[in-house]
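K.L.:
What follows is the file model-v1.cif, containing mmCIF, C-alpha atoms and all ligand atoms:
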```cif
data_upload
loop_
_atom_site.label_atom_id
_atom_site.label_comp_id
_atom_site.auth_asym_id
_atom_site.auth_seq_id
_atom_site.Cartn_x
_atom_site.Cartn_y
_atom_site.Cartn_z
CA MET W 8 11.33 32.74 -3.19
CA ASN W 9 11.34 33.51 0.51
CA ILE W 10 9.31 31.11 2.69
CA THR W 11 8.08 32.57 5.98
CA ILE W 12 7.76 30.07 8.83
CA THR W 13 5.24 30.38 11.65
CA ARG W 14 5.82 27.58 14.12
CA THR W 15 3.02 25.98 16.10
CA ASN W 16 2.96 26.63 19.83
CA ALA W 17 0.89 23.48 20.36
CA PRO W 18 2.83 20.54 18.86
CA LYS W 19 0.76 17.37 18.67
CA PRO W 20 1.75 14.13 20.40
CA LYS W 21 3.35 11.74 17.90
CA PRO W 22 1.27 8.66 17.08
CA ASP W 23 2.53 5.20 18.04
CA THR W 24 4.77 4.20 15.11
CA ALA W 25 3.44 0.63 15.26
CA GLN W 26 -0.11 1.88 14.57
CA LEU W 27 0.50 4.43 11.80
CA GLY W 28 -1.36 2.83 8.89
CA PHE W 29 -1.53 5.03 5.80
CA GLY W 30 -2.72 8.66 5.58
CA ARG W 31 -4.41 8.89 8.97
CA TYR W 32 -2.10 11.22 10.91
CA PHE W 33 -0.78 14.64 9.92
CA SER W 34 2.26 16.56 11.09
CA ASP W 35 2.40 19.92 12.90
CA HIS W 36 2.89 22.19 9.88
CA MET W 37 1.75 22.70 6.29
CA PHE W 38 2.99 24.73 3.35
CA LEU W 39 0.69 27.23 1.60
CA MET W 40 1.16 29.48 -1.45
CA ASP W 41 -1.38 31.60 -3.36
CA TYR W 42 -1.84 32.42 -7.02
CA ASP W 43 -3.61 35.30 -8.68
CA LYS W 44 -3.23 36.85 -12.13
CA GLU W 45 -1.54 40.04 -10.93
CA ARG W 46 1.04 38.54 -8.59
CA GLY W 47 1.47 35.01 -9.95
CA TRP W 48 2.52 32.53 -7.23
CA HIS W 49 3.19 34.46 -4.03
CA ASP W 50 3.12 34.40 -0.23
CA ALA W 51 4.96 31.10 0.27
CA ARG W 52 4.54 30.20 3.91
CA ILE W 53 4.76 27.38 6.45
CA VAL W 54 2.06 27.61 9.10
CA PRO W 55 0.61 25.34 11.81
CA TYR W 56 -1.47 22.47 10.34
CA ALA W 57 -5.13 23.53 10.44
CA PRO W 58 -8.40 23.32 8.46
CA LEU W 59 -8.57 25.51 5.35
CA SER W 60 -11.22 28.19 5.12
CA LEU W 61 -12.87 28.10 1.68
CA ASP W 62 -15.75 29.96 0.07
CA PRO W 63 -18.51 27.38 -0.59
CA ALA W 64 -18.55 28.59 -4.20
CA SER W 65 -14.83 27.75 -4.63
CA MET W 66 -14.60 26.26 -8.10
CA VAL W 67 -12.70 23.15 -7.01
CA LEU W 68 -15.72 22.03 -4.99
CA HIS W 69 -17.97 22.10 -8.07
CA TYR W 70 -15.85 21.33 -11.11
CA GLY W 71 -12.90 19.43 -9.66
CA GLN W 72 -10.08 21.61 -10.99
CA GLU W 73 -7.39 20.03 -8.80
CA VAL W 74 -4.04 18.27 -9.03
CA PHE W 75 -2.06 16.26 -6.46
CA GLU W 76 1.14 14.30 -5.95
CA GLY W 77 2.44 11.67 -3.54
CA LEU W 78 6.02 10.92 -2.50
CA LYS W 79 7.92 9.92 0.61
CA ALA W 80 10.75 11.13 2.86
CA TYR W 81 12.81 8.32 4.40
CA ARG W 82 14.98 8.27 7.52
CA THR W 83 18.16 6.26 7.00
CA GLU W 84 19.94 4.22 9.65
CA SER W 85 22.37 7.12 10.24
CA GLY W 86 19.43 9.51 10.80
CA GLN W 87 19.73 11.28 7.45
CA ILE W 88 16.44 12.31 5.77
CA GLN W 89 16.10 11.73 2.04
CA LEU W 90 13.57 12.04 -0.80
CA PHE W 91 13.22 9.58 -3.69
CA ARG W 92 13.06 11.06 -7.24
CA ALA W 93 11.25 14.17 -5.93
CA ILE W 94 12.05 16.28 -9.01
CA ASP W 95 10.09 13.76 -11.10
CA ASN W 96 7.02 14.33 -8.92
CA VAL W 97 7.44 18.09 -9.43
CA ARG W 98 7.61 17.69 -13.21
CA ARG W 99 4.62 15.33 -13.27
CA PHE W 100 2.66 17.82 -11.13
CA ASN W 101 3.25 20.51 -13.74
CA ARG W 102 2.20 18.15 -16.56
CA SER W 103 -1.00 17.45 -14.62
CA ASN W 104 -1.48 21.21 -14.12
CA ALA W 105 -1.17 21.83 -17.85
CA ARG W 106 -3.90 19.25 -18.56
CA VAL W 107 -6.44 20.97 -16.31
CA GLN W 108 -5.42 24.58 -17.10
CA ILE W 109 -3.65 25.36 -13.82
CA PRO W 110 -0.58 27.66 -13.97
CA GLU W 111 2.67 25.78 -13.38
CA ILE W 112 4.84 26.07 -10.29
CA ASN W 113 8.55 26.84 -10.58
CA GLU W 114 10.51 23.60 -10.00
CA THR W 115 13.01 25.21 -7.63
CA VAL W 116 10.27 26.83 -5.55
CA PHE W 117 8.41 23.50 -5.34
CA MET W 118 11.52 21.55 -4.27
CA ASP W 119 12.42 24.24 -1.74
CA ALA W 120 8.88 24.14 -0.32
CA MET W 121 9.01 20.35 0.20
CA GLU W 122 12.49 20.36 1.68
CA THR W 123 11.80 23.28 4.03
CA LEU W 124 8.53 21.74 5.23
CA VAL W 125 10.12 18.33 5.90
CA ARG W 126 12.98 20.06 7.71
CA THR W 127 10.45 21.98 9.83
CA ASP W 128 8.69 18.72 10.75
CA THR W 129 11.78 16.52 10.71
CA GLU W 130 10.75 14.82 13.98
CA TRP W 131 7.70 13.51 12.10
CA VAL W 132 9.85 11.30 9.83
CA PRO W 133 9.37 7.96 11.64
CA ASP W 134 12.32 5.74 12.40
CA ALA W 135 10.36 2.47 12.71
CA PRO W 136 11.28 -0.20 10.14
CA ASP W 137 9.67 0.48 6.74
CA ALA W 138 7.85 3.58 8.03
CA SER W 139 8.23 6.92 6.21
CA LEU W 140 6.79 10.43 5.91
CA TYR W 141 4.35 10.76 3.00
CA LEU W 142 4.24 14.16 1.29
CA ARG W 143 0.96 15.20 -0.31
CA PRO W 144 1.29 18.35 -2.42
CA PHE W 145 -2.02 19.49 -3.95
CA LEU W 146 -3.44 22.50 -5.71
CA ILE W 147 -7.05 23.72 -5.84
CA ALA W 148 -9.10 26.27 -7.81
CA THR W 149 -10.41 28.92 -5.42
CA ASP W 150 -12.41 31.46 -7.47
CA PRO W 151 -15.85 31.80 -5.84
CA PHE W 152 -17.77 31.34 -9.10
CA LEU W 153 -20.41 28.98 -10.48
CA GLY W 154 -19.73 28.32 -14.13
CA VAL W 155 -17.31 26.03 -15.92
CA ARG W 156 -14.07 27.81 -16.81
CA ALA W 157 -10.51 27.80 -15.49
CA SER W 158 -10.18 29.61 -12.17
CA ASP W 159 -8.13 32.81 -11.90
CA THR W 160 -6.98 32.06 -8.34
CA TYR W 161 -5.43 28.95 -6.79
CA LEU W 162 -4.12 27.63 -3.50
CA PHE W 163 -1.11 25.29 -3.39
CA VAL W 164 -0.78 23.16 -0.24
CA ILE W 165 1.66 20.53 1.02
CA ILE W 166 0.73 18.33 3.97
CA LEU W 167 2.75 15.54 5.59
CA SER W 168 1.57 12.19 6.94
CA PRO W 169 3.72 9.68 8.82
CA VAL W 170 2.92 6.25 7.34
CA GLY W 171 3.68 2.75 8.53
CA ALA W 172 5.02 -0.33 6.79
CA TYR W 173 2.56 -0.94 3.95
CA TYR W 174 2.51 -4.67 4.57
CA ALA W 175 1.85 -5.15 8.27
CA GLY W 176 2.45 -8.90 7.98
CA GLY W 177 5.10 -8.69 5.22
CA MET W 178 4.51 -8.48 1.45
CA ALA W 179 1.69 -10.82 0.38
CA PRO W 180 0.16 -11.71 -3.01
CA THR W 181 -3.23 -10.05 -3.71
CA LYS W 182 -6.44 -11.10 -5.45
CA ILE W 183 -7.27 -8.93 -8.45
CA LEU W 184 -10.60 -8.64 -10.31
CA VAL W 185 -10.46 -7.68 -13.99
CA GLU W 186 -13.09 -4.92 -14.35
CA ASP W 187 -15.02 -5.22 -17.61
CA GLU W 188 -17.78 -2.68 -17.08
CA ASP W 189 -16.52 0.62 -15.63
CA VAL W 190 -13.44 2.31 -17.12
CA ARG W 191 -10.91 4.55 -15.40
CA ALA W 192 -9.69 6.68 -18.29
CA VAL W 193 -10.11 7.21 -22.01
CA ARG W 194 -7.83 8.36 -24.81
CA GLY W 195 -7.85 12.13 -24.91
CA GLY W 196 -9.05 12.27 -21.31
CA THR W 197 -7.18 12.99 -18.09
CA GLY W 198 -5.89 9.51 -17.19
CA TYR W 199 -2.23 10.55 -17.30
CA ALA W 200 -2.84 13.46 -14.91
CA LYS W 201 -3.00 13.08 -11.12
CA THR W 202 -6.25 15.01 -10.84
CA GLY W 203 -8.95 14.24 -8.28
CA ALA W 204 -11.82 13.50 -10.64
CA ASN W 205 -10.03 10.45 -12.07
CA TYR W 206 -10.29 8.76 -8.69
CA ALA W 207 -14.01 9.42 -8.08
CA ALA W 208 -14.67 7.50 -11.29
CA THR W 209 -12.98 4.40 -9.88
CA LEU W 210 -14.86 4.12 -6.58
CA ARG W 211 -17.83 2.09 -7.80
CA ALA W 212 -15.73 -0.69 -9.33
CA GLN W 213 -13.38 -0.70 -6.36
CA GLY W 214 -16.35 -0.97 -3.99
CA ARG W 215 -17.90 -3.87 -5.90
CA ALA W 216 -14.56 -5.70 -6.07
CA GLY W 217 -13.98 -5.17 -2.35
CA GLN W 218 -17.38 -6.67 -1.53
CA LYS W 219 -16.43 -9.78 -3.47
CA GLY W 220 -13.16 -10.11 -1.54
CA PHE W 221 -10.73 -8.67 -4.09
CA ALA W 222 -7.96 -6.26 -3.09
CA GLN W 223 -7.97 -4.27 -6.35
CA VAL W 224 -9.40 -4.10 -9.84
CA LEU W 225 -7.42 -4.39 -13.03
CA TRP W 226 -8.53 -1.70 -15.49
CA LEU W 227 -8.99 -2.48 -19.17
CA ASP W 228 -8.85 0.05 -22.00
CA ALA W 229 -12.09 1.96 -22.58
CA LEU W 230 -12.41 1.26 -26.30
CA GLU W 231 -11.93 -2.47 -26.79
CA ARG W 232 -12.11 -3.61 -23.15
CA GLN W 233 -9.21 -5.97 -23.60
CA TYR W 234 -5.88 -4.15 -23.17
CA ILE W 235 -4.67 -3.86 -19.59
CA GLU W 236 -4.09 -0.36 -18.23
CA GLU W 237 -3.51 -0.23 -14.46
CA ILE W 238 -4.14 -2.15 -11.23
CA GLY W 239 -6.12 0.08 -8.86
CA THR W 240 -3.99 3.22 -8.51
CA SER W 241 -0.78 1.42 -9.46
CA ASN W 242 0.94 0.50 -12.71
CA ALA W 243 0.76 -3.09 -13.93
CA PHE W 244 3.60 -5.45 -14.90
CA PHE W 245 3.30 -9.03 -16.21
CA VAL W 246 6.20 -11.42 -16.72
CA ILE W 247 5.53 -13.77 -19.64
CA GLY W 248 8.13 -16.32 -20.74
CA GLY W 249 10.91 -14.34 -19.02
CA THR W 250 9.97 -10.97 -20.57
CA VAL W 251 8.54 -8.17 -18.44
CA ILE W 252 5.62 -6.41 -20.16
CA THR W 253 3.90 -3.18 -19.12
CA PRO W 254 1.47 -1.07 -21.16
CA PRO W 255 2.91 1.96 -23.01
CA LEU W 256 2.18 5.53 -21.90
CA THR W 257 1.32 6.63 -25.44
CA THR W 258 -2.46 6.28 -25.00
CA GLY W 259 -2.53 9.07 -22.40
CA SER W 260 -4.87 6.95 -20.28
CA ILE W 261 -2.19 5.58 -17.94
CA LEU W 262 -0.60 7.45 -15.04
CA PRO W 263 3.17 7.62 -15.68
CA GLY W 264 4.28 6.17 -12.36
CA ILE W 265 7.71 7.04 -11.03
CA THR W 266 7.92 3.57 -9.46
CA ARG W 267 7.01 2.16 -12.90
CA ASP W 268 9.87 4.06 -14.50
CA SER W 269 12.24 2.99 -11.71
CA CYS W 270 11.33 -0.69 -12.30
CA ILE W 271 11.93 -0.35 -16.04
CA GLN W 272 15.32 1.30 -15.46
CA LEU W 273 16.42 -1.36 -12.94
CA LEU W 274 15.25 -4.26 -15.13
CA ARG W 275 17.15 -2.82 -18.14
CA LYS W 276 20.26 -2.39 -15.95
CA TRP W 277 19.95 -6.04 -14.90
CA GLY W 278 19.64 -7.17 -18.51
CA VAL W 279 16.06 -8.44 -18.07
CA PRO W 280 14.03 -7.98 -21.28
CA VAL W 281 11.32 -5.30 -20.80
CA GLU W 282 8.64 -4.36 -23.31
CA GLU W 283 6.34 -1.35 -23.15
CA ARG W 284 3.56 -2.51 -25.42
CA PRO W 285 -0.18 -3.20 -25.48
CA LEU W 286 -0.97 -6.39 -23.56
CA SER W 287 -4.44 -7.92 -23.77
CA ILE W 288 -6.17 -9.88 -21.04
CA HIS W 289 -6.51 -12.70 -23.58
CA GLU W 290 -2.73 -12.88 -24.03
CA ILE W 291 -2.35 -13.06 -20.23
CA ILE W 292 -4.89 -15.87 -19.86
CA ASP W 293 -3.38 -17.69 -22.82
CA ALA W 294 0.08 -17.41 -21.19
CA ALA W 295 -1.36 -18.77 -17.92
CA ASN W 296 -2.93 -21.72 -19.74
CA THR W 297 0.36 -22.58 -21.43
CA ASP W 298 2.43 -22.16 -18.25
CA ARG W 299 4.27 -19.04 -19.46
CA LEU W 300 2.74 -16.53 -17.01
CA ASP W 301 5.68 -16.30 -14.60
CA GLU W 302 4.59 -13.51 -12.23
CA ALA W 303 2.79 -10.16 -12.07
CA PHE W 304 2.95 -7.12 -9.82
CA ALA W 305 1.68 -3.58 -9.37
CA SER W 306 3.97 -0.59 -8.72
CA GLY W 307 3.32 2.67 -6.87
CA THR W 308 4.75 4.92 -4.16
CA ALA W 309 2.51 3.69 -1.33
CA ALA W 310 3.25 -0.07 -1.49
CA VAL W 311 6.29 0.18 -3.83
CA ILE W 312 5.65 -3.30 -5.30
CA SER W 313 2.55 -5.42 -4.78
CA PRO W 314 2.59 -9.03 -6.01
CA VAL W 315 -0.46 -10.43 -7.82
CA GLY W 316 -1.49 -13.89 -6.59
CA GLU W 317 -4.80 -14.40 -8.42
CA LEU W 318 -6.51 -12.81 -11.39
CA THR W 319 -10.25 -13.26 -12.02
CA TYR W 320 -11.76 -12.40 -15.41
CA LYS W 321 -15.41 -13.06 -16.31
CA GLY W 322 -15.73 -15.63 -13.53
CA SER W 323 -12.59 -17.68 -14.14
CA THR W 324 -9.48 -17.39 -12.04
CA VAL W 325 -5.83 -17.89 -12.86
CA ILE W 326 -3.22 -18.39 -10.11
CA LEU W 327 0.16 -16.73 -10.55
CA HIS W 328 3.44 -18.21 -9.39
CA ASN W 329 1.62 -20.63 -7.11
CA ASN W 330 0.21 -17.65 -5.17
CA GLU W 331 3.70 -16.84 -3.92
CA ILE W 332 5.95 -13.84 -4.51
CA GLY W 333 7.91 -14.21 -7.74
CA PRO W 334 11.70 -13.67 -7.94
CA LEU W 335 11.62 -10.47 -10.04
CA THR W 336 8.83 -9.03 -7.88
CA ARG W 337 10.93 -9.62 -4.78
CA ARG W 338 14.17 -8.37 -6.31
CA LEU W 339 12.55 -5.11 -7.46
CA TYR W 340 10.92 -4.57 -4.06
CA GLU W 341 14.16 -5.18 -2.19
CA THR W 342 16.31 -3.07 -4.50
CA LEU W 343 13.93 -0.10 -4.50
CA THR W 344 13.38 -0.12 -0.73
CA ASP W 345 17.13 -0.55 -0.10
CA ILE W 346 17.80 2.61 -2.16
CA GLN W 347 14.91 4.52 -0.55
CA TRP W 348 16.00 3.76 3.02
CA GLY W 349 19.68 4.27 2.18
CA ARG W 350 20.69 0.66 2.90
CA VAL W 351 22.62 0.59 -0.39
CA LYS W 352 24.43 3.32 -2.32
CA ASP W 353 22.20 5.09 -4.85
CA ASP W 354 23.98 4.69 -8.17
CA MET W 355 20.87 5.80 -10.12
CA GLY W 356 20.87 9.47 -9.01
CA TRP W 357 17.44 9.07 -7.41
CA ILE W 358 18.08 10.36 -3.88
CA THR W 359 17.99 13.95 -2.58
CA VAL W 360 19.39 14.36 0.93
CA ILE W 361 17.69 17.15 2.87
C1 LIG I 1 0.07 7.76 -8.36
C2 LIG I 1 -0.44 6.71 -9.29
C3 LIG I 1 0.35 5.66 -9.77
C4 LIG I 1 1.74 5.38 -9.27
O1 LIG I 1 2.64 6.42 -9.46
P1 LIG I 1 3.98 6.46 -8.58
O2 LIG I 1 4.67 7.69 -9.08
O3 LIG I 1 4.72 5.23 -8.87
O4 LIG I 1 3.54 6.56 -7.17
C5 LIG I 1 -0.20 4.80 -10.71
N1 LIG I 1 -1.48 4.94 -11.12
C6 LIG I 1 -2.27 5.91 -10.66
C7 LIG I 1 -3.66 6.01 -11.17
C8 LIG I 1 -1.79 6.83 -9.73
O5 LIG I 1 -2.59 7.78 -9.25
#
```
Write the structure described by the file as structure tokens, please.
Ligand SMILES: *Cc1c(COP(=O)(O)O)cnc(C)c1O
P.N.:
Amino acid sequence: MNITITRTNAPKPKPDTAQLGFGRYFSDHMFLMDYDKERGWHDARIVPYAPLSLDPASMVLHYGQEVFEGLKAYRTESGQIQLFRAIDNVRRFNRSNARVQIPEINETVFMDAMETLVRTDTEWVPDAPDASLYLRPFLIATDPFLGVRASDTYLFVIILSPVGAYYAGGMAPTKILVEDEDVRAVRGGTGYAKTGANYAATLRAQGRAGQKGFAQVLWLDALERQYIEEIGTSNAFFVIGGTVITPPLTTGSILPGITRDSCIQLLRKWGVPVEERPLSIHEIIDAANTDRLDEAFASGTAAVISPVGELTYKGSTVILHNNEIGPLTRRLYETLTDIQWGRVKDDMGWITVI
């Protein structure tokens, strides 16, 4: 598919790379593509970054028919720009689309759109240590119609945001609150899809936890309120007696993280035992009480790996690894970031150079 490019004649000043934070600045251009029943996906274009004009009746605003993704472009020491496992984000996007009745996007067109946009805004890929360019593809239902059904028209957008080192003061263990009232996702629901409505449902618990001084909540399963699901918007890993345990994806209530899968693949390569199986909060507390809870961490694109220092459940707190970063947590973080920033050779086939 041909992508037309209209360049801005008013490029923005670049933000100070030391002050980037996450998701606060946006590059000079964005990618747009339209869908309707007659033409399918059409009119692929890169245009200057600007507000979208939407009919107030656009269905996405009322019924949340939306899907998004998140991945990063990295600048290596030699100045090369590369993406990490981007095709997996494309495939997950289409699985999310299928769940909320949005027509899929051709994988080649999607990859071409991301690569062409990053190339157009290549100066926006920061070169500060641990900084990167975050890509946010998303897709919204645009029929002006009030009534619950799948839309017949859609808009696909990709925007770019230069982001700073996630840990300003270096990676640090976090305090996690086990949430036992609100739930994030249910079996048969949309938990495995990256669709906006899933995140609105998490805001109340996140707000309450934040007020009490916790960085994130740990989500339990909706049915029995005992099996761990995710930590905030990241996947959860616990190391018990030398075995790494993460919940299985079979319930459909857990987002299949690409960082999660990368951790599992690396651990298997290293010969570390990994189990994808249900893990209850009681088993975790029991392991802590018998000195077998070695370490725990969360995985996701934004922070890559986030160590857990403390876990609070129904008022009692367990400390993990003396509130310090555990050895597997650190090894995974260093290996993944070394591959992403091109400091080591990628022998996993995860990197696309653009
Ligand atoms: C995006 C996301 C993750 C992490 O996925 P990655 O592909 O590793 O970034 C985990 N949980 C939720 C709920 C998410 O939205």
K.L.:
Could you check the closest approach to W:Gln72 for each of W:Phe304, W:Trp348, W:Tyr174, W:Phe145 and tell me which residue wins, using all atoms listed in the file?
P.N.:
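That would be W:Phe145, the residue with the smallest distance to W:Gln72.
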K.L.:
As a VMD selection string, please: the residues near W:Pro255 (cut-off 8 Å, all atoms listed in the file, same-chain neighbours under 5 positions excluded).
P.N.:
chain W and resid 283 to 285
K.L.:
Report the distance between atom CA of W:Val116 and atom CA of W:Ser65 in Å, rounded to one decimal place.
P.N.:
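Here the two named atoms are 25.1 Å from each other.
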K.L.:
Do you know which residues lie at most 10 Å from (-2.7, 33.4, -2.8), with coordinates as in the file and only C-alpha atoms counted, and could you write them as a VMD selection string?
P.N.:
chain W and resid 39 to 44 46 to 51 149 160 to 163
K.L.:
Let me make sure I understand: among W:Asp298, W:Glu237, W:Asp35, W:Glu114, which one has the smallest atom-to-atom distance to ligand LIG 1 (chain I) if we use only C-alpha atoms and all ligand atoms?
P.N.:
W:Glu237
K.L.:
With all atoms listed in the file as the basis for distance, which of W:Pro55, W:Pro314, W:Gly322, W:Gly203 is at the shortest distance from ligand LIG 1 (chain I)?
P.N.:
W:Gly203
K.L.:
Could you list, as a ChimeraX atom specification, all protein and nucleic acid residues with an atom at most 8 Å from ligand LIG 1 (chain I), counting all atoms listed in the file?
P.N.:
/W:76-78,96,198-199,201,205-206,237-242,261-268,306-309,311
K.L.:
Have a look at W:Asp23, W:Asp150, W:Glu84, W:Glu130 and name the one nearest to W:His69; count only C-alpha atoms.
P.N.:
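Checking each candidate against W:His69, we get W:Asp150 as the closest.
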K.L.:
For a quick check of understanding, using all atoms listed in the file, which of W:Ala200, W:Ala216, W:Ile252, W:Ala303 has the smallest distance to W:Glu188?
P.N.:
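Residue with the minimum atom-to-atom distance to W:Glu188: W:Ala216.
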K.L.:
Find the residues near W:Leu225: any atom within 10 Å, counting all atoms listed in the file, skip ones fewer than 5 places away on the same chain, and give them as a tab-separated table (two decimals) with C-alpha atoms, in the coordinates of the input.
P.N.:
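File written: part.tsv
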```
chain	number	residue	atom	x	y	z
W	183	ILE	CA	-7.27	-8.93	-8.45
W	184	LEU	CA	-10.60	-8.64	-10.31
W	185	VAL	CA	-10.46	-7.68	-13.99
W	186	GLU	CA	-13.09	-4.92	-14.35
W	187	ASP	CA	-15.02	-5.22	-17.61
W	190	VAL	CA	-13.44	2.31	-17.12
W	191	ARG	CA	-10.91	4.55	-15.40
W	212	ALA	CA	-15.73	-0.69	-9.33
W	213	GLN	CA	-13.38	-0.70	-6.36
W	235	ILE	CA	-4.67	-3.86	-19.59
W	236	GLU	CA	-4.09	-0.36	-18.23
W	237	GLU	CA	-3.51	-0.23	-14.46
W	238	ILE	CA	-4.14	-2.15	-11.23
W	239	GLY	CA	-6.12	0.08	-8.86
W	240	THR	CA	-3.99	3.22	-8.51
W	241	SER	CA	-0.78	1.42	-9.46
W	242	ASN	CA	0.94	0.50	-12.71
W	243	ALA	CA	0.76	-3.09	-13.93
W	288	ILE	CA	-6.17	-9.88	-21.04
W	305	ALA	CA	1.68	-3.58	-9.37
W	318	LEU	CA	-6.51	-12.81	-11.39
W	319	THR	CA	-10.25	-13.26	-12.02
W	320	TYR	CA	-11.76	-12.40	-15.41
```
K.L.:
Let me make sure I understand: among W:Val351, W:Leu256, W:Asp159, W:Pro180, which one has the smallest atom-to-atom distance to W:Gly316 if we use all atoms listed in the file?
P.N.:
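The closest residue to W:Gly316 is W:Pro180.
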K.L.:
Can you put N, CA, C and O atoms back into stretch 269-280 of chain W and show it as an mmCIF file, in the coordinates of the input?
P.N.:
```cif
data_model
loop_
_atom_site.group_PDB
_atom_site.id
_atom_site.type_symbol
_atom_site.label_atom_id
_atom_site.label_comp_id
_atom_site.auth_asym_id
_atom_site.auth_seq_id
_atom_site.Cartn_x
_atom_site.Cartn_y
_atom_site.Cartn_z
ATOM 1 N N SER W 269 11.094 3.508 -12.470
ATOM 2 C CA SER W 269 12.240 2.990 -11.710
ATOM 3 C C SER W 269 12.395 1.490 -11.960
ATOM 4 O O SER W 269 13.522 0.997 -12.107
ATOM 5 N N CYS W 270 11.266 0.759 -12.012
ATOM 6 C CA CYS W 270 11.330 -0.690 -12.300
ATOM 7 C C CYS W 270 11.912 -0.929 -13.682
ATOM 8 O O CYS W 270 12.783 -1.790 -13.849
ATOM 9 N N ILE W 271 11.440 -0.166 -14.667
ATOM 10 C CA ILE W 271 11.930 -0.350 -16.040
ATOM 11 C C ILE W 271 13.433 -0.100 -16.093
ATOM 12 O O ILE W 271 14.195 -0.884 -16.676
ATOM 13 N N GLN W 272 13.881 0.984 -15.440
ATOM 14 C CA GLN W 272 15.320 1.300 -15.460
ATOM 15 C C GLN W 272 16.148 0.214 -14.782
ATOM 16 O O GLN W 272 17.211 -0.169 -15.285
ATOM 17 N N LEU W 273 15.663 -0.304 -13.649
ATOM 18 C CA LEU W 273 16.420 -1.360 -12.940
ATOM 19 C C LEU W 273 16.462 -2.636 -13.777
ATOM 20 O O LEU W 273 17.515 -3.265 -13.919
ATOM 21 N N LEU W 274 15.306 -3.026 -14.342
ATOM 22 C CA LEU W 274 15.250 -4.260 -15.130
ATOM 23 C C LEU W 274 16.211 -4.170 -16.320
ATOM 24 O O LEU W 274 16.935 -5.118 -16.623
ATOM 25 N N ARG W 275 16.236 -2.991 -16.990
ATOM 26 C CA ARG W 275 17.150 -2.820 -18.140
ATOM 27 C C ARG W 275 18.596 -2.936 -17.671
ATOM 28 O O ARG W 275 19.428 -3.562 -18.326
ATOM 29 N N LYS W 276 18.890 -2.332 -16.497
ATOM 30 C CA LYS W 276 20.260 -2.390 -15.950
ATOM 31 C C LYS W 276 20.650 -3.849 -15.670
ATOM 32 O O LYS W 276 21.802 -4.231 -15.851
ATOM 33 N N TRP W 277 19.668 -4.638 -15.223
ATOM 34 C CA TRP W 277 19.950 -6.040 -14.900
ATOM 35 C C TRP W 277 19.995 -6.936 -16.134
ATOM 36 O O TRP W 277 20.227 -8.145 -16.014
ATOM 37 N N GLY W 278 19.656 -6.358 -17.290
ATOM 38 C CA GLY W 278 19.640 -7.170 -18.510
ATOM 39 C C GLY W 278 18.397 -8.032 -18.656
ATOM 40 O O GLY W 278 18.400 -8.986 -19.434
ATOM 41 N N VAL W 279 17.329 -7.704 -17.929
ATOM 42 C CA VAL W 279 16.060 -8.440 -18.070
ATOM 43 C C VAL W 279 15.285 -7.806 -19.228
ATOM 44 O O VAL W 279 15.150 -6.584 -19.267
ATOM 45 N N PRO W 280 14.788 -8.585 -20.180
ATOM 46 C CA PRO W 280 14.030 -7.980 -21.280
ATOM 47 C C PRO W 280 12.741 -7.309 -20.785
ATOM 48 O O PRO W 280 11.974 -7.925 -20.026
#
```
